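Trainee: Okay, here's the structure, questions in a sec.
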Amino acid sequence: MNMQIELVPRERSQVIRHLMQFYLYDFTKYLNIDVDQDGIFPEYPGLDAFWTEKGRKFPFLITSDGSPAGFALVEKLDPGSKDNDYYLTEFFVMQKYRRSGVGTNAAYELFRRFPGRWKVTQVRNNVIAQAFWRKIIGDYTGGRFREKFHPELGNPSQYFVT
């Protein structure tokens with residue numbers, strides 16, 4: 001497996017938009033999301049900002065042996081942010097590539113590219129994602145992370161420094 005992660009320029013934004021459909025499909029297990037009359041999930045809110053807010057929002061394509069395998073959306077927060085510098089807004093690996101090391105290697109590469117204080121959040125009832133991120137972050141930091149739960153939604157977030 002040859003995993004690579006690359007910043008996606010605006011002219012190739014469709015690859016993220018297309019993969020987003022699979023991501024949203026996966027989320028139908030956890031959130032009430034429906035397709036429209038044409039069988040398309042709604043546009044991800046704020047996705048365009050990942051190409052208009054350069055230096056603050058970063059859209060990455062994850063590939064495996066040259067084929068699209070997933071994506072990651074990273075946000076750099078304002079310098080005055082209290083708890084973190086970077087937020088992993090979304091992270092998706094297609095099922096074909098799960099449990100192959102693609103997700104782990106992609107996450108580690110993101111952490112290396114953006115040294116600082118990180119926040120990663122999962123949906124409350126997505127226990128598979130929670131287990132994945134606790135393991136990845138725990139292994140990467142040697143167990144040095146803290147976890148908080150959103151007071152109303154109950155979503156867990158891990159905070160750590162790279």
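Residues in the structure tokens are numbered from 1 in each chain, the chains being A, B, ... in the order shown, and ligands are numbered from 1 in the order shown.
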Determine which residues of range 8-152 of chain A DSSP labels as strand (DSSP E or B) from the backbone of this structure, then write them out as number ranges by chain.
Mentor: A: 57-64, 67-76, 86-93, 117-121, 145-149
Trainee: Kindly save the residues from that selection, with N, CA and C atoms included, as a JSON list (two decimals), in the first residue's frame.
Mentor:
[["chain", "number", "residue", "atom", "x", "y", "z"],
["A", 57, "LYS", "N", -8.03, 26.95, 5.97],
["A", 57, "LYS", "CA", -8.76, 25.68, 5.76],
["A", 57, "LYS", "C", -8.03, 24.88, 4.70],
["A", 58, "PHE", "N", -7.91, 23.58, 4.95],
["A", 58, "PHE", "CA", -7.09, 22.73, 4.10],
["A", 58, "PHE", "C", -7.84, 21.46, 3.70],
["A", 59, "PRO", "N", -8.16, 21.30, 2.40],
["A", 59, "PRO", "CA", -8.82, 20.08, 1.92],
["A", 59, "PRO", "C", -7.78, 19.09, 1.39],
["A", 60, "PHE", "N", -7.72, 17.92, 1.97],
["A", 60, "PHE", "CA", -6.74, 16.92, 1.56],
["A", 60, "PHE", "C", -7.43, 15.71, 0.93],
["A", 61, "LEU", "N", -6.83, 15.19, -0.11],
["A", 61, "LEU", "CA", -7.24, 13.93, -0.71],
["A", 61, "LEU", "C", -6.28, 12.86, -0.21],
["A", 62, "ILE", "N", -6.83, 11.74, 0.21],
["A", 62, "ILE", "CA", -6.04, 10.59, 0.63],
["A", 62, "ILE", "C", -6.10, 9.59, -0.52],
["A", 63, "THR", "N", -4.94, 9.12, -0.98],
["A", 63, "THR", "CA", -4.92, 8.12, -2.04],
["A", 63, "THR", "C", -4.17, 6.88, -1.56],
["A", 64, "SER", "N", -4.50, 5.77, -2.19],
["A", 64, "SER", "CA", -3.80, 4.52, -1.94],
["A", 64, "SER", "C", -3.42, 3.95, -3.31],
["A", 67, "SER", "N", -5.09, 5.74, -6.22],
["A", 67, "SER", "CA", -6.55, 5.82, -6.31],
["A", 67, "SER", "C", -7.12, 6.58, -5.12],
["A", 68, "PRO", "N", -8.15, 7.41, -5.35],
["A", 68, "PRO", "CA", -8.78, 8.09, -4.22],
["A", 68, "PRO", "C", -9.26, 7.09, -3.17],
["A", 69, "ALA", "N", -8.89, 7.34, -1.92],
["A", 69, "ALA", "CA", -9.26, 6.44, -0.83],
["A", 69, "ALA", "C", -10.00, 7.17, 0.28],
["A", 70, "GLY", "N", -10.01, 8.51, 0.25],
["A", 70, "GLY", "CA", -10.69, 9.27, 1.29],
["A", 70, "GLY", "C", -10.27, 10.72, 1.25],
["A", 71, "PHE", "N", -10.63, 11.43, 2.31],
["A", 71, "PHE", "CA", -10.28, 12.85, 2.39],
["A", 71, "PHE", "C", -10.20, 13.28, 3.85],
["A", 72, "ALA", "N", -9.58, 14.44, 4.05],
["A", 72, "ALA", "CA", -9.52, 15.05, 5.37],
["A", 72, "ALA", "C", -9.69, 16.55, 5.20],
["A", 73, "LEU", "N", -10.47, 17.16, 6.07],
["A", 73, "LEU", "CA", -10.65, 18.60, 6.09],
["A", 73, "LEU", "C", -10.09, 19.12, 7.41],
["A", 74, "VAL", "N", -9.09, 19.98, 7.32],
["A", 74, "VAL", "CA", -8.40, 20.51, 8.50],
["A", 74, "VAL", "C", -8.61, 22.02, 8.56],
["A", 75, "GLU", "N", -8.89, 22.52, 9.74],
["A", 75, "GLU", "CA", -9.03, 23.97, 9.95],
["A", 75, "GLU", "C", -7.96, 24.45, 10.91],
["A", 76, "LYS", "N", -7.34, 25.56, 10.55],
["A", 76, "LYS", "CA", -6.42, 26.24, 11.46],
["A", 76, "LYS", "C", -7.25, 27.32, 12.16],
["A", 86, "TYR", "N", -5.53, 23.48, 15.69],
["A", 86, "TYR", "CA", -6.07, 22.78, 14.52],
["A", 86, "TYR", "C", -7.26, 21.92, 14.91],
["A", 87, "TYR", "N", -8.19, 21.87, 13.98],
["A", 87, "TYR", "CA", -9.39, 21.06, 14.19],
["A", 87, "TYR", "C", -9.55, 20.16, 12.97],
["A", 88, "LEU", "N", -9.62, 18.87, 13.20],
["A", 88, "LEU", "CA", -9.87, 17.92, 12.12],
["A", 88, "LEU", "C", -11.38, 17.91, 11.91],
["A", 89, "THR", "N", -11.83, 18.74, 10.97],
["A", 89, "THR", "CA", -13.25, 18.96, 10.75],
["A", 89, "THR", "C", -13.93, 17.68, 10.27],
["A", 90, "GLU", "N", -13.35, 17.03, 9.28],
["A", 90, "GLU", "CA", -13.89, 15.77, 8.75],
["A", 90, "GLU", "C", -12.72, 14.88, 8.34],
["A", 91, "PHE", "N", -12.95, 13.57, 8.44],
["A", 91, "PHE", "CA", -11.94, 12.59, 8.05],
["A", 91, "PHE", "C", -12.69, 11.37, 7.56],
["A", 92, "PHE", "N", -12.37, 10.93, 6.35],
["A", 92, "PHE", "CA", -13.10, 9.81, 5.75],
["A", 92, "PHE", "C", -12.15, 8.91, 4.98],
["A", 93, "VAL", "N", -12.30, 7.61, 5.22],
["A", 93, "VAL", "CA", -11.59, 6.59, 4.45],
["A", 93, "VAL", "C", -12.65, 5.62, 3.94],
["A", 117, "ARG", "N", -1.46, 22.24, 18.74],
["A", 117, "ARG", "CA", -2.54, 21.70, 19.58],
["A", 117, "ARG", "C", -3.72, 21.31, 18.67],
["A", 118, "TRP", "N", -4.18, 20.08, 18.81],
["A", 118, "TRP", "CA", -5.22, 19.53, 17.95],
["A", 118, "TRP", "C", -6.49, 19.20, 18.72],
["A", 119, "LYS", "N", -7.60, 19.22, 17.96],
["A", 119, "LYS", "CA", -8.90, 18.73, 18.46],
["A", 119, "LYS", "C", -9.49, 17.84, 17.37],
["A", 120, "VAL", "N", -9.93, 16.65, 17.78],
["A", 120, "VAL", "CA", -10.62, 15.71, 16.89],
["A", 120, "VAL", "C", -11.90, 15.31, 17.59],
["A", 121, "THR", "N", -13.03, 15.38, 16.88],
["A", 121, "THR", "CA", -14.35, 15.11, 17.47],
["A", 121, "THR", "C", -15.06, 14.00, 16.71],
["A", 145, "PHE", "N", -3.21, 12.61, 25.87],
["A", 145, "PHE", "CA", -4.32, 13.40, 25.33],
["A", 145, "PHE", "C", -5.40, 13.44, 26.39],
["A", 146, "ARG", "N", -6.28, 14.42, 26.24],
["A", 146, "ARG", "CA", -7.43, 14.48, 27.15],
["A", 146, "ARG", "C", -8.69, 14.45, 26.31],
["A", 147, "GLU", "N", -9.74, 14.01, 26.94],
["A", 147, "GLU", "CA", -11.00, 13.89, 26.23],
["A", 147, "GLU", "C", -12.07, 14.67, 26.97],
["A", 148, "LYS", "N", -12.87, 15.40, 26.21],
["A", 148, "LYS", "CA", -14.00, 16.14, 26.76],
["A", 148, "LYS", "C", -15.24, 15.76, 25.98],
["A", 149, "PHE", "N", -16.39, 15.88, 26.62],
["A", 149, "PHE", "CA", -17.65, 15.59, 25.97],
["A", 149, "PHE", "C", -18.46, 16.88, 25.86]]
Trainee: Could you give me, as a VMD selection string, the residues within 9 Å of range 25-30 of chain A, counting only C-alpha atoms and dropping anything in the same chain fewer than 4 positions from it?
Mentor: chain A and resid 20 to 21 34 to 35 41 123 to 126
Trainee: Can you work out which one of A:Asn84, A:Gln37, A:Thr162, A:Gln14 has the shortest atom-to-atom distance to Glu109 in chain A, counting only C-alpha atoms?
Mentor: A:Thr162
Trainee: Have a look at CA of Gln158 in chain A and CA of Gly101 in chain A and let me know their distance in Å, one decimal.
Mentor: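 So the two atoms, CA of Gln158 in chain A and CA of Gly101 in chain A, lie 20.5 Å apart.
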Trainee: What gap, in Å, lies between CA of Tyr108 in chain A and CA of Tyr140 in chain A?
Mentor: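 Result for CA of Tyr108 in chain A versus CA of Tyr140 in chain A: 7.3 Å, one decimal.
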Trainee: Set the distance at 12 Å and use only C-alpha atoms: which residues neighbour Lys135 in chain A once local chain neighbours fewer than 4 positions away are removed? I'd like the list as a list in words.
Mentor: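 Here the qualifying residues turn out to be Gly103, Thr104, Ala107, Tyr108, Ile128, Ala129, Gln130, Ala131, Asp139, Tyr140, Thr141, Gly142, Gly143, Arg144, Phe145 and Gln158 of chain A.
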Trainee: Once you have the residues from the selection above, write them out as a PDB file, in the first residue's frame, restricted to N, CA and C atoms.
Mentor:
ATOM      1  N   GLY A 103      -5.892   4.966   6.916  1.00  0.00           N
ATOM      2  CA  GLY A 103      -6.375   5.997   7.833  1.00  0.00           C
ATOM      3  C   GLY A 103      -5.337   6.386   8.867  1.00  0.00           C
ATOM      4  N   THR A 104      -4.679   5.406   9.436  1.00  0.00           N
ATOM      5  CA  THR A 104      -3.642   5.670  10.432  1.00  0.00           C
ATOM      6  C   THR A 104      -2.515   6.503   9.835  1.00  0.00           C
ATOM      7  N   ALA A 107      -3.677  10.091   9.073  1.00  0.00           N
ATOM      8  CA  ALA A 107      -3.792  10.893  10.302  1.00  0.00           C
ATOM      9  C   ALA A 107      -2.411  11.307  10.799  1.00  0.00           C
ATOM     10  N   TYR A 108      -1.478  10.371  10.847  1.00  0.00           N
ATOM     11  CA  TYR A 108      -0.126  10.690  11.303  1.00  0.00           C
ATOM     12  C   TYR A 108       0.517  11.758  10.416  1.00  0.00           C
ATOM     13  N   ILE A 128     -17.344   3.265  16.672  1.00  0.00           N
ATOM     14  CA  ILE A 128     -16.225   2.765  15.866  1.00  0.00           C
ATOM     15  C   ILE A 128     -15.218   3.887  15.633  1.00  0.00           C
ATOM     16  N   ALA A 129     -15.707   5.064  15.264  1.00  0.00           N
ATOM     17  CA  ALA A 129     -14.803   6.216  15.064  1.00  0.00           C
ATOM     18  C   ALA A 129     -14.131   6.604  16.378  1.00  0.00           C
ATOM     19  N   GLN A 130     -14.866   6.548  17.461  1.00  0.00           N
ATOM     20  CA  GLN A 130     -14.285   6.895  18.761  1.00  0.00           C
ATOM     21  C   GLN A 130     -13.129   5.959  19.100  1.00  0.00           C
ATOM     22  N   ALA A 131     -13.332   4.671  18.886  1.00  0.00           N
ATOM     23  CA  ALA A 131     -12.272   3.698  19.177  1.00  0.00           C
ATOM     24  C   ALA A 131     -11.066   3.934  18.272  1.00  0.00           C
ATOM     25  N   ASP A 139      -1.691   6.197  20.454  1.00  0.00           N
ATOM     26  CA  ASP A 139      -0.417   5.682  19.947  1.00  0.00           C
ATOM     27  C   ASP A 139       0.508   6.822  19.538  1.00  0.00           C
ATOM     28  N   TYR A 140      -0.039   7.819  18.860  1.00  0.00           N
ATOM     29  CA  TYR A 140       0.785   8.927  18.356  1.00  0.00           C
ATOM     30  C   TYR A 140       1.376   9.760  19.487  1.00  0.00           C
ATOM     31  N   THR A 141       0.603   9.949  20.552  1.00  0.00           N
ATOM     32  CA  THR A 141       1.044  10.829  21.648  1.00  0.00           C
ATOM     33  C   THR A 141       1.595  10.064  22.845  1.00  0.00           C
ATOM     34  N   GLY A 142       1.646   8.752  22.763  1.00  0.00           N
ATOM     35  CA  GLY A 142       2.063   7.976  23.925  1.00  0.00           C
ATOM     36  C   GLY A 142       1.047   8.083  25.055  1.00  0.00           C
ATOM     37  N   GLY A 143      -0.237   8.237  24.681  1.00  0.00           N
ATOM     38  CA  GLY A 143      -1.313   8.314  25.674  1.00  0.00           C
ATOM     39  C   GLY A 143      -1.519   9.701  26.259  1.00  0.00           C
ATOM     40  N   ARG A 144      -0.803  10.689  25.747  1.00  0.00           N
ATOM     41  CA  ARG A 144      -0.916  12.045  26.301  1.00  0.00           C
ATOM     42  C   ARG A 144      -1.964  12.858  25.534  1.00  0.00           C
ATOM     43  N   PHE A 145      -3.211  12.613  25.868  1.00  0.00           N
ATOM     44  CA  PHE A 145      -4.315  13.400  25.330  1.00  0.00           C
ATOM     45  C   PHE A 145      -5.402  13.445  26.386  1.00  0.00           C
ATOM     46  N   GLN A 158     -11.079  14.679  21.433  1.00  0.00           N
ATOM     47  CA  GLN A 158      -9.758  14.452  21.995  1.00  0.00           C
ATOM     48  C   GLN A 158      -8.912  15.702  21.724  1.00  0.00           C
TER      49      GLN A 158
END
Trainee: Could you write out, as a ChimeraX atom specification, all the residues of chain A that DSSP marks as helix (DSSP H, G or I)?
Mentor: /A:10-12,14-27,49-52,95-97,102-113,127-141
Trainee: CA of Ile5 in chain A and CA of Arg113 in chain A, how far apart in Å?
Mentor: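 Going from CA of Arg113 in chain A over to CA of Ile5 in chain A covers 10.5 Å.
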Trainee: Tell me which protein, DNA and RNA residues are within 12 Å of Ser13 in chain A, counting only C-alpha atoms, leaving out same-chain ones fewer than 2 positions away, and put them as a count of residues only.
Mentor: 22
Trainee: Which is closer to Glu43 in chain A than all the others in A:Pro115, A:Gly55, A:Leu24, A:Leu31, using only C-alpha atoms?
Mentor: A:Leu24
